[in-house]
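Visitor: First, the structure itself, so that you have it in front of you.
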Amino acid sequence: MSAKLELIVETEIGLGLTGFGVFFSFLGIILFFDKGLIALGNILFFSGVALTIGLKSSLQFFMKRSNYKGTISFGAGFFFVIIGWPKLGMILEAYGFVVLFSGFWPTLAVFLQKLPILGWIFQQPFVRSFFDRYRGKRVPV
């Protein structure tokens, strides 16, 4: 198998793991903050991100000086989920997620506006003004 094909397979598996991680976390929240499902979702999400963008890139992203606050919050939230305090853990993880991935919101906004059916909703003046407000606040990498 060529190196390029292996990379594509790893990326596909990583995206699948990330999707399952989000699904299990969502299912854990729906089922009254079931700590087992939330912990499983977190593990799948972390492993999926690491496979999708690579282990070295993942470590560089999470250990970047500007991402310390989000990484510590996300890690503390994961710890609280594991020890049995899923509500506090999910609050900390949600804060960490927003801080860590806030630089991706403008890209996500453009992607959502170009979707075939849902894009119409995201192109409405009120929603578009909301996205445009945050589009200029992108932090250079």
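FYI, nothing fancy with the structure tokens labels: chains A, B, ... in order, residues from 1 per chain, ligands from 1 as they appear.
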Quick one: residues within 7 Å of region 63-78 of chain A, only C-alpha atoms, excluding same-chain residues fewer than 2 positions away - as a PyMOL selection string?
Guide: chain A and resi 59-61+80-82+88-90+92-93+95-97+99-100
Visitor: Write out as an NGL selection string which residues come within 10 Å of region 23-33 of chain A when counting only C-alpha atoms, dropping same-chain ones fewer than 5 positions away.
Guide: :A and (17-18 or 38-45 or 81 or 84-87 or 89-90)
Visitor: Those same residues, written as a short mmCIF file (atom, residue, chain, number, x, y, z; two decimals), in the first residue's frame with C-alpha atoms?
Guide:
data_model
loop_
_atom_site.label_atom_id
_atom_site.label_comp_id
_atom_site.auth_asym_id
_atom_site.auth_seq_id
_atom_site.Cartn_x
_atom_site.Cartn_y
_atom_site.Cartn_z
CA LEU A 17 -13.57 8.06 15.39
CA THR A 18 -14.12 11.79 15.83
CA ILE A 38 -19.20 10.68 27.89
CA ALA A 39 -15.79 9.21 28.78
CA LEU A 40 -15.98 6.86 25.77
CA GLY A 41 -16.92 9.81 23.58
CA ASN A 42 -13.95 11.81 24.85
CA ILE A 43 -11.50 8.98 24.22
CA LEU A 44 -12.85 8.43 20.70
CA PHE A 45 -12.77 12.18 19.99
CA VAL A 81 -15.88 13.06 33.81
CA GLY A 84 -17.65 10.68 38.22
CA TRP A 85 -18.61 14.38 38.02
CA PRO A 86 -19.90 14.51 34.44
CA LYS A 87 -21.84 17.80 34.69
CA GLY A 89 -16.63 17.95 33.47
CA MET A 90 -18.84 18.75 30.50
#
Visitor: Measuring atom to atom with only C-alpha atoms, identify which of A:Gly16, A:Ile83, A:Ser57, A:Glu10 is nearest to Gly36 (chain A).
Guide: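 Checking each of A:Gly16, A:Ile83, A:Ser57, A:Glu10 against Gly36 (chain A), counting only C-alpha atoms, the winner is A:Ile83.
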Visitor: Could you check which of A:Gly21, A:Gly14, A:Gly119, A:Gly103 is closest to Leu51 (chain A), using only C-alpha atoms?
Guide: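 Checking each of A:Gly21, A:Gly14, A:Gly119, A:Gly103 against Leu51 (chain A), counting only C-alpha atoms, the winner is A:Gly14.
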Visitor: Given the choices A:Phe79, A:Phe122, A:Thr52, A:Phe46, which gets closest to Leu15 (chain A) if the distance is worked out from only C-alpha atoms?
Guide: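 For Leu15 (chain A), the nearest of the candidates is A:Thr52.
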Visitor: Enter the distance from CA of Asp34 (chain A) to CA of Ser47 (chain A), in Å, rounded to one decimal.
Guide: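 CA of Ser47 (chain A) lies at a distance of 20.3 Å from CA of Asp34 (chain A).
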Visitor: Name the residues of chain A that fall into alpha helix (DSSP H) according to DSSP on the backbone, using the chain letters and numbers of this document, as a ChimeraX atom specification.
Guide: /A:3-30,35-53,55-63,68-83,86-100,105-113,119-122,125-135
Visitor: Under the rule that only C-alpha atoms are counted, which of A:Phe130, A:Phe62, A:Trp120, A:Phe20 is the nearest residue to Phe101 (chain A)?
Guide: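 Looking at the shortest contact to Phe101 (chain A), the residue is A:Phe62.
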Visitor: Quick one, how far is CA of Trp105 (chain A) from CA of Leu7 (chain A)?
Guide: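 Separation between CA of Trp105 (chain A) and CA of Leu7 (chain A): 26.0 Å.
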Visitor: What separation in Å, quoted to one decimal, exists between CA of Pro116 (chain A) and CA of Arg128 (chain A)?
Guide: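 Calculated distance between CA of Pro116 (chain A) and CA of Arg128 (chain A) is 16.0 Å.
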